[in-house]
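S.K.: The file below is input.cif, mmCIF, C-alpha atoms:
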data_protein
loop_
_atom_site.label_atom_id
_atom_site.label_comp_id
_atom_site.auth_asym_id
_atom_site.auth_seq_id
_atom_site.Cartn_x
_atom_site.Cartn_y
_atom_site.Cartn_z
CA MET A 1 -16.14 -15.66 17.29
CA GLU A 2 -16.28 -12.08 16.09
CA ARG A 3 -18.07 -11.72 12.79
CA LEU A 4 -16.06 -10.43 9.84
CA ASP A 5 -18.62 -8.22 8.24
CA VAL A 6 -16.81 -7.61 4.98
CA PRO A 7 -18.85 -6.27 2.07
CA LEU A 8 -18.17 -8.73 -0.71
CA GLY A 9 -19.92 -10.44 -3.56
CA ARG A 10 -23.54 -10.21 -4.50
CA PRO A 11 -25.19 -6.87 -3.83
CA ARG A 12 -28.25 -7.25 -1.61
CA GLY A 13 -31.57 -6.73 -3.28
CA GLU A 14 -30.16 -7.36 -6.74
CA ARG A 15 -32.94 -8.07 -9.24
CA ALA A 16 -33.14 -11.56 -10.71
CA ASP A 17 -32.26 -10.55 -14.28
CA ALA A 18 -29.40 -8.38 -13.05
CA ALA A 19 -28.11 -11.32 -11.00
CA ARG A 20 -28.32 -13.63 -14.04
CA ASN A 21 -26.43 -11.13 -16.21
CA ARG A 22 -23.77 -10.73 -13.57
CA LEU A 23 -23.20 -14.48 -13.43
CA LEU A 24 -23.11 -14.72 -17.23
CA LEU A 25 -20.55 -11.94 -17.37
CA LEU A 26 -18.37 -13.35 -14.61
CA ASP A 27 -18.37 -16.80 -16.23
CA ALA A 28 -17.48 -15.28 -19.59
CA ALA A 29 -14.74 -13.18 -18.00
CA ARG A 30 -13.23 -16.20 -16.24
CA GLU A 31 -13.23 -18.18 -19.48
CA MET A 32 -11.57 -15.34 -21.38
CA LEU A 33 -9.04 -14.85 -18.62
CA ALA A 34 -8.03 -18.52 -18.85
CA GLU A 35 -7.99 -18.58 -22.66
CA VAL A 36 -6.44 -15.30 -23.71
CA GLY A 37 -5.03 -13.74 -20.52
CA ALA A 38 -6.04 -10.62 -18.61
CA GLU A 39 -4.51 -8.19 -21.08
CA LYS A 40 -6.77 -9.32 -23.89
CA VAL A 41 -10.06 -9.22 -21.98
CA THR A 42 -12.00 -6.23 -23.32
CA MET A 43 -15.46 -4.86 -22.56
CA ASP A 44 -16.50 -5.53 -26.17
CA GLY A 45 -15.16 -9.09 -26.17
CA LEU A 46 -16.87 -9.78 -22.88
CA ALA A 47 -20.24 -8.47 -24.07
CA GLU A 48 -19.99 -10.62 -27.19
CA ARG A 49 -19.00 -13.77 -25.34
CA ALA A 50 -21.79 -13.35 -22.77
CA GLY A 51 -24.35 -12.54 -25.45
CA LEU A 52 -25.22 -9.24 -23.77
CA GLY A 53 -25.18 -5.63 -24.84
CA LYS A 54 -22.08 -3.54 -24.28
CA GLY A 55 -24.19 -1.12 -22.22
CA THR A 56 -24.99 -3.92 -19.77
CA VAL A 57 -21.30 -4.66 -19.31
CA PHE A 58 -20.50 -1.01 -18.66
CA ARG A 59 -23.40 -0.60 -16.26
CA ARG A 60 -22.31 -3.68 -14.37
CA PHE A 61 -18.54 -3.21 -14.19
CA GLY A 62 -17.91 0.45 -14.96
CA THR A 63 -14.34 -0.10 -16.10
CA ARG A 64 -12.15 -2.89 -17.41
CA ALA A 65 -10.52 -3.09 -13.99
CA GLY A 66 -14.03 -3.53 -12.60
CA ILE A 67 -14.35 -6.91 -14.36
CA PHE A 68 -11.25 -8.23 -12.66
CA HIS A 69 -12.24 -6.69 -9.39
CA ALA A 70 -15.54 -8.60 -9.52
CA LEU A 71 -13.73 -11.88 -10.25
CA LEU A 72 -11.33 -11.24 -7.40
CA ASP A 73 -14.29 -10.49 -5.13
CA GLU A 74 -15.76 -13.91 -5.91
CA ASP A 75 -12.46 -15.63 -5.12
CA GLU A 76 -12.14 -13.50 -2.03
CA ARG A 77 -15.50 -14.73 -0.77
CA LEU A 78 -14.32 -18.32 -1.09
CA PHE A 79 -11.08 -17.47 0.67
CA GLN A 80 -13.05 -15.78 3.44
CA GLU A 81 -15.13 -18.91 3.88
CA ARG A 82 -11.98 -20.99 4.37
CA VAL A 83 -10.87 -18.51 7.04
CA LEU A 84 -14.22 -18.42 8.82
CA SER A 85 -15.22 -22.06 8.67
CA GLY A 86 -12.52 -24.14 6.97
CA PRO A 87 -10.12 -26.55 8.70
CA PRO A 88 -7.46 -25.21 11.11
CA PRO A 89 -4.99 -23.61 11.28
CA LEU A 90 -6.40 -21.26 8.63
CA GLY A 91 -9.92 -21.86 9.94
CA PRO A 92 -11.02 -21.86 13.60
CA GLY A 93 -9.64 -24.44 16.01
CA ALA A 94 -5.98 -23.46 16.31
CA GLY A 95 -4.41 -20.84 18.60
CA PRO A 96 -4.34 -17.21 17.50
CA VAL A 97 -0.61 -17.06 16.74
CA GLU A 98 -0.75 -20.25 14.70
CA ARG A 99 -3.77 -18.87 12.86
CA LEU A 100 -2.01 -15.57 12.18
CA VAL A 101 0.95 -17.44 10.69
CA ALA A 102 -1.35 -19.62 8.59
CA TYR A 103 -3.44 -16.68 7.47
CA GLY A 104 -0.37 -14.79 6.27
CA ARG A 105 1.01 -17.71 4.30
CA SER A 106 -2.39 -18.51 2.73
CA ARG A 107 -3.02 -14.87 1.93
CA ILE A 108 0.38 -14.39 0.28
CA GLU A 109 -0.11 -17.57 -1.75
CA TRP A 110 -3.66 -16.60 -2.64
CA LEU A 111 -2.64 -13.15 -3.86
CA LEU A 112 0.46 -14.24 -5.76
CA GLU A 113 -1.35 -17.14 -7.44
CA ARG A 114 -3.79 -14.55 -8.74
CA HIS A 115 -1.15 -12.02 -9.62
CA ALA A 116 -2.35 -11.41 -13.19
CA LEU A 117 -5.92 -11.03 -11.99
CA ALA A 118 -5.00 -8.96 -8.95
CA ARG A 119 -2.77 -6.75 -11.07
CA ALA A 120 -5.54 -6.21 -13.60
CA ALA A 121 -7.97 -5.45 -10.79
CA LEU A 122 -5.82 -2.72 -9.26
CA ASP A 123 -8.14 0.17 -9.84
CA ARG A 124 -6.01 3.14 -10.71
CA ALA A 125 -8.51 5.48 -9.17
CA GLN A 126 -8.14 3.70 -5.84
CA PRO A 127 -4.54 3.12 -4.77
CA VAL A 128 -5.30 0.58 -2.05
CA PRO A 129 -7.64 -2.34 -2.87
CA ALA A 130 -10.04 -1.75 -0.03
CA GLY A 131 -11.78 -5.14 0.14
CA ALA A 132 -8.61 -7.14 0.48
CA ALA A 133 -7.16 -4.87 3.15
CA THR A 134 -10.44 -5.01 5.02
CA LEU A 135 -10.60 -8.80 5.32
CA SER A 136 -6.99 -9.01 6.49
CA GLN A 137 -7.35 -6.08 8.82
CA LEU A 138 -10.47 -7.41 10.54
CA HIS A 139 -9.13 -10.93 10.84
CA ILE A 140 -5.73 -9.82 12.13
CA ARG A 141 -7.42 -7.57 14.70
CA VAL A 142 -9.60 -10.42 15.95
CA LEU A 143 -6.60 -12.75 16.31
CA LEU A 144 -4.43 -10.11 17.97
CA ARG A 145 -7.13 -9.57 20.58
CA GLN A 146 -7.27 -13.31 21.21
CA ALA A 147 -3.47 -13.45 21.46
CA ASP A 148 -3.67 -11.20 24.53
CA LEU A 149 -0.51 -9.15 24.00
CA GLY A 150 -1.08 -6.91 26.98
CA LEU A 151 -1.88 -3.93 24.76
CA ASP A 152 -4.96 -1.85 25.58
CA ASP A 153 -5.51 -1.11 21.95
CA VAL A 154 -4.48 -3.43 19.12
CA ASP A 155 -6.06 -1.42 16.30
CA GLY A 156 -2.87 0.38 15.29
CA LEU A 157 -0.88 -2.85 15.40
CA ALA A 158 -3.59 -4.63 13.38
CA LEU A 159 -3.34 -1.95 10.71
CA GLN A 160 0.44 -2.23 10.68
CA LEU A 161 0.45 -6.01 10.40
CA THR A 162 -2.07 -5.70 7.59
CA GLY A 163 0.36 -3.36 5.86
CA ALA A 164 3.19 -5.83 6.52
CA LEU A 165 1.18 -8.62 4.93
CA GLU A 166 -0.46 -6.87 2.00
CA GLY A 167 2.11 -4.14 1.32
CA PRO A 168 4.88 -6.23 -0.25
CA VAL A 169 2.41 -8.08 -2.45
CA LEU A 170 0.78 -4.83 -3.58
CA LEU A 171 4.24 -3.43 -4.25
CA TYR A 172 5.02 -6.42 -6.39
CA LEU A 173 1.70 -6.24 -8.18
CA SER A 174 2.07 -2.57 -8.99
CA LEU A 175 5.82 -2.29 -9.52
CA PRO A 176 7.04 -5.82 -10.32
CA GLU A 177 10.44 -4.67 -11.53
CA GLN A 178 11.18 -2.97 -8.21
CA ALA A 179 9.92 -5.71 -5.97
CA GLU A 180 11.80 -8.91 -6.74
CA ALA A 181 11.78 -9.93 -3.10
CA ALA A 182 8.00 -9.74 -2.88
CA ARG A 183 7.57 -12.43 -5.51
CA ASP A 184 9.10 -15.12 -3.39
CA ILE A 185 6.29 -16.82 -1.46
CA GLU A 186 8.60 -18.82 0.80
CA ARG A 187 10.65 -15.80 1.75
CA LEU A 188 7.61 -13.68 2.53
CA ALA A 189 5.78 -16.47 4.35
CA GLY A 190 8.92 -17.24 6.35
CA SER A 191 9.55 -13.68 7.42
CA TRP A 192 5.84 -13.19 8.15
CA GLN A 193 6.05 -16.16 10.53
CA PHE A 194 9.16 -14.71 12.17
CA LEU A 195 7.43 -11.34 12.52
CA VAL A 196 4.20 -12.71 13.99
CA GLU A 197 5.87 -15.12 16.40
CA ARG A 198 8.17 -12.40 17.69
CA VAL A 199 5.37 -9.87 18.04
CA CYS A 200 3.10 -12.30 19.87
CA ARG A 201 5.46 -14.20 22.15
CA ALA A 202 5.08 -13.52 25.81
CA MET B 203 27.28 2.98 6.78
CA GLU B 204 25.50 1.66 3.75
CA ARG B 205 24.60 4.37 1.27
CA LEU B 206 20.92 4.98 0.58
CA ASP B 207 21.03 5.59 -3.13
CA VAL B 208 17.52 6.87 -3.54
CA PRO B 209 16.75 8.77 -6.74
CA LEU B 210 15.30 12.05 -5.54
CA GLY B 211 15.33 15.71 -6.40
CA ARG B 212 17.23 17.42 -9.17
CA PRO B 213 17.71 15.38 -12.34
CA ARG B 214 21.38 15.07 -13.24
CA GLY B 215 22.58 17.05 -16.23
CA GLU B 216 19.59 19.39 -16.05
CA ARG B 217 20.22 22.54 -18.09
CA ALA B 218 20.58 25.81 -16.22
CA ASP B 219 17.38 27.39 -17.59
CA ALA B 220 15.40 24.21 -16.93
CA ALA B 221 16.73 24.17 -13.37
CA ARG B 222 15.75 27.82 -12.90
CA ASN B 223 12.22 27.15 -14.21
CA ARG B 224 11.86 24.15 -11.95
CA LEU B 225 12.76 26.21 -8.90
CA LEU B 226 10.41 29.01 -9.98
CA LEU B 227 7.58 26.52 -10.38
CA LEU B 228 8.23 24.73 -7.10
CA ASP B 229 8.34 28.04 -5.21
CA ALA B 230 5.12 29.16 -6.87
CA ALA B 231 3.47 25.81 -6.10
CA ARG B 232 4.48 25.97 -2.45
CA GLU B 233 3.12 29.51 -2.15
CA MET B 234 -0.16 28.51 -3.76
CA LEU B 235 -0.41 25.43 -1.59
CA ALA B 236 -0.06 27.56 1.56
CA GLU B 237 -2.44 30.26 0.32
CA VAL B 238 -5.27 28.40 -1.39
CA GLY B 239 -4.80 24.70 -0.53
CA ALA B 240 -3.89 21.74 -2.72
CA GLU B 241 -7.31 21.46 -4.31
CA LYS B 242 -7.09 24.89 -5.88
CA VAL B 243 -3.60 24.58 -7.36
CA THR B 244 -4.03 24.28 -11.13
CA MET B 245 -1.55 24.02 -13.97
CA ASP B 246 -2.83 27.34 -15.37
CA GLY B 247 -2.64 29.13 -12.04
CA LEU B 248 0.85 27.81 -11.49
CA ALA B 249 2.07 28.96 -14.92
CA GLU B 250 0.66 32.41 -14.31
CA ARG B 251 2.12 32.75 -10.83
CA ALA B 252 5.57 31.60 -11.98
CA GLY B 253 5.44 33.83 -15.08
CA LEU B 254 6.04 30.86 -17.37
CA GLY B 255 4.16 29.32 -20.27
CA LYS B 256 1.64 26.58 -19.62
CA GLY B 257 3.63 24.30 -21.93
CA THR B 258 6.64 24.62 -19.64
CA VAL B 259 4.55 23.54 -16.65
CA PHE B 260 3.21 20.51 -18.50
CA ARG B 261 6.64 19.51 -19.78
CA ARG B 262 8.04 19.77 -16.28
CA PHE B 263 5.31 18.09 -14.23
CA GLY B 264 3.20 16.12 -16.68
CA THR B 265 0.11 16.10 -14.46
CA ARG B 266 -1.33 18.05 -11.57
CA ALA B 267 -0.29 15.22 -9.26
CA GLY B 268 3.22 15.68 -10.66
CA ILE B 269 3.44 19.15 -9.08
CA PHE B 270 2.71 17.78 -5.64
CA HIS B 271 4.97 14.83 -6.22
CA ALA B 272 7.85 17.21 -6.97
CA LEU B 273 7.18 19.19 -3.79
CA LEU B 274 7.04 16.00 -1.78
CA ASP B 275 10.32 14.91 -3.38
CA GLU B 276 11.99 18.09 -2.16
CA ASP B 277 10.71 17.55 1.38
CA GLU B 278 11.73 13.91 1.14
CA ARG B 279 15.30 14.93 0.33
CA LEU B 280 15.41 17.05 3.47
CA PHE B 281 13.94 14.19 5.52
CA GLN B 282 16.53 11.83 4.07
CA GLU B 283 19.30 14.23 5.11
CA ARG B 284 18.04 14.15 8.69
CA VAL B 285 18.12 10.35 8.58
CA LEU B 286 21.58 10.15 7.04
CA SER B 287 23.37 12.88 8.90
CA GLY B 288 21.07 14.52 11.46
CA PRO B 289 21.24 14.05 15.24
CA PRO B 290 20.46 10.64 16.80
CA PRO B 291 18.29 8.69 17.28
CA LEU B 292 16.85 9.50 13.83
CA GLY B 293 20.35 10.12 12.50
CA PRO B 294 23.44 7.94 13.08
CA GLY B 295 24.81 7.44 16.58
CA ALA B 296 22.07 5.39 18.28
CA GLY B 297 21.54 1.62 18.22
CA PRO B 298 19.62 0.06 15.32
CA VAL B 299 16.45 -0.71 17.29
CA GLU B 300 16.31 2.77 18.74
CA ARG B 301 16.86 4.17 15.25
CA LEU B 302 14.09 1.98 13.80
CA VAL B 303 11.68 3.23 16.45
CA ALA B 304 12.71 6.85 15.82
CA TYR B 305 12.54 6.43 12.06
CA GLY B 306 8.99 5.08 12.24
CA ARG B 307 7.73 7.86 14.48
CA SER B 308 9.41 10.57 12.37
CA ARG B 309 8.17 9.04 9.15
CA ILE B 310 4.57 8.76 10.38
CA GLU B 311 4.70 12.37 11.60
CA TRP B 312 6.33 13.52 8.39
CA LEU B 313 3.71 11.86 6.19
CA LEU B 314 0.69 12.87 8.23
CA GLU B 315 1.88 16.48 8.58
CA ARG B 316 1.96 16.55 4.78
CA HIS B 317 -1.30 14.70 4.35
CA ALA B 318 -2.88 17.22 1.96
CA LEU B 319 0.28 17.31 -0.11
CA ALA B 320 0.85 13.56 0.02
CA ARG B 321 -2.76 12.91 -0.86
CA ALA B 322 -2.59 15.25 -3.83
CA ALA B 323 0.67 13.60 -4.93
CA LEU B 324 -0.80 10.09 -4.97
CA ASP B 325 -0.42 9.42 -8.66
CA ARG B 326 -3.43 7.44 -9.73
CA ALA B 327 -1.46 5.70 -12.41
CA GLN B 328 0.91 4.33 -9.78
CA PRO B 329 -0.78 2.79 -6.75
CA VAL B 330 2.29 2.75 -4.50
CA PRO B 331 4.38 5.94 -4.20
CA ALA B 332 7.68 4.38 -5.13
CA GLY B 333 10.09 6.99 -3.80
CA ALA B 334 8.71 7.01 -0.28
CA ALA B 335 8.61 3.23 -0.02
CA THR B 336 12.16 3.06 -1.33
CA LEU B 337 13.69 5.30 1.33
CA SER B 338 11.94 3.43 4.13
CA GLN B 339 12.71 0.05 2.65
CA LEU B 340 16.43 0.70 2.24
CA HIS B 341 16.82 2.30 5.64
CA ILE B 342 14.86 -0.41 7.44
CA ARG B 343 16.91 -3.09 5.70
CA VAL B 344 20.17 -1.44 6.75
CA LEU B 345 19.03 -1.18 10.37
CA LEU B 346 17.68 -4.75 10.47
CA ARG B 347 21.05 -6.02 9.30
CA GLN B 348 22.74 -4.05 12.05
CA ALA B 349 20.27 -5.38 14.61
CA ASP B 350 21.59 -8.88 13.97
CA LEU B 351 18.37 -10.85 14.32
CA GLY B 352 19.90 -14.17 13.40
CA LEU B 353 18.11 -14.25 10.05
CA ASP B 354 20.12 -15.11 6.95
CA ASP B 355 17.99 -12.88 4.85
CA VAL B 356 16.26 -9.77 6.14
CA ASP B 357 14.95 -8.56 2.77
CA GLY B 358 11.47 -10.04 3.17
CA LEU B 359 11.19 -8.73 6.71
CA ALA B 360 12.41 -5.29 5.58
CA LEU B 361 9.69 -5.21 2.94
CA GLN B 362 7.08 -6.24 5.50
CA LEU B 363 8.14 -3.66 8.05
CA THR B 364 8.06 -1.06 5.28
CA GLY B 365 4.50 -2.14 4.57
CA ALA B 366 3.72 -1.94 8.30
CA LEU B 367 5.05 1.60 8.44
CA GLU B 368 3.81 3.07 5.17
CA GLY B 369 0.67 0.98 4.63
CA PRO B 370 -1.60 2.49 7.29
CA VAL B 371 -0.62 6.01 6.28
CA LEU B 372 -1.22 5.28 2.59
CA LEU B 373 -4.54 3.72 3.53
CA TYR B 374 -5.46 6.86 5.40
CA LEU B 375 -4.30 9.09 2.56
CA SER B 376 -6.25 7.18 -0.05
CA LEU B 377 -9.33 6.15 1.94
CA PRO B 378 -9.54 8.56 4.88
CA GLU B 379 -13.09 7.60 5.79
CA GLN B 380 -12.10 3.95 6.24
CA ALA B 381 -8.91 4.54 8.13
CA GLU B 382 -9.68 6.49 11.26
CA ALA B 383 -7.07 4.60 13.23
CA ALA B 384 -4.31 5.55 10.81
CA ARG B 385 -4.76 9.24 11.50
CA ASP B 386 -3.66 8.98 15.08
CA ILE B 387 0.10 9.64 15.16
CA GLU B 388 0.54 8.58 18.79
CA ARG B 389 -1.30 5.31 18.30
CA LEU B 390 0.64 4.39 15.18
CA ALA B 391 3.98 5.50 16.60
CA GLY B 392 3.27 3.55 19.80
CA SER B 393 2.33 0.33 18.08
CA TRP B 394 5.26 0.72 15.66
CA GLN B 395 7.56 0.89 18.69
CA PHE B 396 5.93 -2.20 20.20
CA LEU B 397 6.27 -4.02 16.87
CA VAL B 398 9.92 -3.12 16.30
CA GLU B 399 11.03 -3.82 19.87
CA ARG B 400 9.32 -7.21 19.84
CA VAL B 401 10.71 -8.16 16.44
CA CYS B 402 14.24 -7.13 17.35
CA ARG B 403 14.60 -8.28 20.93
CA ALA B 404 17.00 -11.13 21.48
#
The structure given in the file should be rewritten as C-alpha cells.
M.R.:
Amino acid sequence: MERLDVPLGRPRGERADAARNRLLLLDAAREMLAEVGAEKVTMDGLAERAGLGKGTVFRRFGTRAGIFHALLDEDERLFQERVLSGPPPLGPGAGPVERLVAYGRSRIEWLLERHALARAALDRAQPVPAGAATLSQLHIRVLLRQADLGLDDVDGLALQLTGALEGPVLLYLSLPEQAEAARDIERLAGSWQFLVERVCRA
Amino acid sequence: MERLDVPLGRPRGERADAARNRLLLLDAAREMLAEVGAEKVTMDGLAERAGLGKGTVFRRFGTRAGIFHALLDEDERLFQERVLSGPPPLGPGAGPVERLVAYGRSRIEWLLERHALARAALDRAQPVPAGAATLSQLHIRVLLRQADLGLDDVDGLALQLTGALEGPVLLYLSLPEQAEAARDIERLAGSWQFLVERVCRA
C-alpha cells in the first residue's frame, strides 16, 4: 500500500523539555475546551492552567487558532491511523470504492463532530486547512488509482473529490448561516456515496 | 428557468455621488492592477489616482482585499450574465449535463485567468469566498435538478460538486506551492467533465 506521508503531530527532533511542555499545553487546552468551550480558551488561561509562562505558549502555538490546530492535528493522527491500519471498510481490506464511501462518511462525521474545534482552528491567515486536505487528497488518490477508472491521470479528479468532500464542511465551518445543507451528516454522506459510486462504476 | 438571485455588484439605493466614487475607484484600481500588479496596489495610491480622499477609499472598500473583491465582483457579474443569457452551452439552450461540463470549464478558466486578482481578493477574515461559491452552487443545483438523477434531494450533491469545482482552484490560490495540479486548466476541466458525465449518466 502506498504510504500517506502526511506531516502531522510531533515535530521531529523536538527537545525533551519542549515535548513535555507541548503535552502539558495540549492536555490543558483539551480540558479547557471541554469545560468552558473553544470561545473561552485564551493564551493567558492556557498558560496558567498548564503552569507555564505565557511566552512558552506563544512560542509553541503562535496564535489562539494555533492551539486548536494542534489539538486537531492530534485527533487527525488518530483518524489517520484508523484509515491506514484500522478495520475495513475504513481501513485496508475492502475494495477501493467501498473504502472511498467509508472514508467520506467517516471524514464528514469526524469533522462535524469536531465542528467547534475545527472552526476555532481555521487559521484566518490560511484559507484552506492544509493538513486535512492533504490526508484526504492523498488517500483519495491512492483509492482512485486502485479503482482503475481507465483514466491516465487521476490527480485532477482526486483534487476535485477532495474538494467535494471537504468543501461543504469547510463552508459550514466558516459560514454556518449560509450552509444549512452541509450540517446534515446523513445527507452529505448519502450524496457522497452516490457521487463516488457513480464516478467509479464501470 | 430558476432565477439565480446572487447578491453582486452595485448596492441598491446607493447615492449618486457614492456610485460615481465607486466607479472612479474601480477604474483606478483596474488601471493600477494592469500597470503595476496586485501587490503594488495600495489604498493611498488608489486614492491619489482616483483623485479622492483616503477616507473615501477606506469607507468604500474597508481593506486592501476589499478593492480586489469589488473588482472580482464586477467580473463575476459579467460571468453570471454569460451563464444566464449568453450562448449555449454555457448559456441556456443546451442539455443540463452539457451545461454543467461547460460551466465547470468556463469557471475554472475564469478563476485561473484572474488568479492574481482572486488571490489578492481572498479575504483572510473569511476563508471561503462566499459570492463565488454561491453562484456555482445555485447554478449547479438548478442543472442537477434538470438532469433528473432520480435523487429526491440534490442539495448535498450540489454542494459537493461546488466543492469539487471551486476547491482545487481555491487550494491553488491560497497554497500555490502545494497545488501544482490545480493550475492545469486542461487537467481540471477534463476531470470535471469525466466527473459530471459519470455522475449524471443514466
S.K.: So how many Å separate CA of Asp357 (chain B) and CA of Gly95 (chain A), to one decimal?
M.R.: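 Pair CA of Asp357 (chain B) / CA of Gly95 (chain A) returns 27.9 Å.
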S.K.: Quick check on the file I pasted: which residues fall under the PyMOL selection byres ((chain B and resi 243) around 10)? Write them as a list in words.
M.R.: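 Selected by the PyMOL selection byres ((chain B and resi 243) around 10) here: Ala230, Ala231, Arg232, Glu233, Met234, Leu235, Glu237, Val238, Gly239, Ala240, Glu241, Lys242, Thr244, Met245, Asp246, Gly247, Leu248, Arg266, Ile269 and Phe270 of chain B.
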S.K.: Which residues are close to Val101 (chain A), i.e. within 7 Å by all atoms listed in the file, leaving aside same-chain residues fewer than 4 positions away? Reply as a PyMOL selection string.
M.R.: chain A and resi 97+105+192-193+196
S.K.: Given the selection you just returned, output its residues as a file containing C-alpha atoms, formatted as a PDB file, in the frame of the given file.
M.R.:
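Saved the output as again.pdb:
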ATOM      1  CA  VAL A  97      -0.610 -17.060  16.740  1.00  0.00           C
ATOM      2  CA  ARG A 105       1.010 -17.710   4.300  1.00  0.00           C
ATOM      3  CA  TRP A 192       5.840 -13.190   8.150  1.00  0.00           C
ATOM      4  CA  GLN A 193       6.050 -16.160  10.530  1.00  0.00           C
ATOM      5  CA  VAL A 196       4.200 -12.710  13.990  1.00  0.00           C
TER       6      VAL A 196
END
S.K.: Would you work out the distance separating CA of Ala164 (chain A) from CA of Leu361 (chain B), expressed in Å to one decimal?
M.R.: 7.4 Å
S.K.: In terms of the shortest atom-to-atom distance over only C-alpha atoms, which of A:Leu143, A:Leu173, A:Leu117, A:Ala102 is closest to Gly190 (chain A)?
M.R.: A:Ala102
S.K.: Just how far from CA of Thr364 (chain B) is CA of Gln339 (chain B), in Å to one decimal?
M.R.: 5.5 Å
S.K.: Spell out the residues picked by the PyMOL selection byres ((chain B and resi 397) around 12) here, as a ChimeraX atom specification.
M.R.: /A:149,151,154,156-161,164,195-201 /B:299,302-303,306,362-363,366-367,390-396,398-403
S.K.: Could you state which residues are captured by the PyMOL selection byres ((chain B and resi 309) around 10) in this file, as a list in words?
M.R.: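 Checked against the file, the PyMOL selection byres ((chain B and resi 309) around 10) matches Phe281, Leu292, Val303, Ala304, Tyr305, Gly306, Arg307, Ser308, Ile310, Glu311, Trp312, Leu313, Leu314, Glu315, Ala334, Ser338, Leu367, Glu368, Val371 and Ala391 of chain B.
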S.K.: Give as a list of chain:residue names the set of residues within 6 Å of the point (1.0, -4.5, -9.0), where distances use the file's coordinates and all atoms listed in the file.
M.R.: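 Result, sorted by chain then residue number: A:Arg119, A:Leu170, A:Leu171, A:Tyr172, A:Leu173, A:Ser174, A:Leu175.
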S.K.: At a cut-off of 7 Å, using all atoms listed in the file, what residues contact Gly365 (chain B)? Leave out same-chain residues fewer than 5 positions from it and give the result as a PyMOL selection string.
M.R.: chain A and resi 163-164+167-168
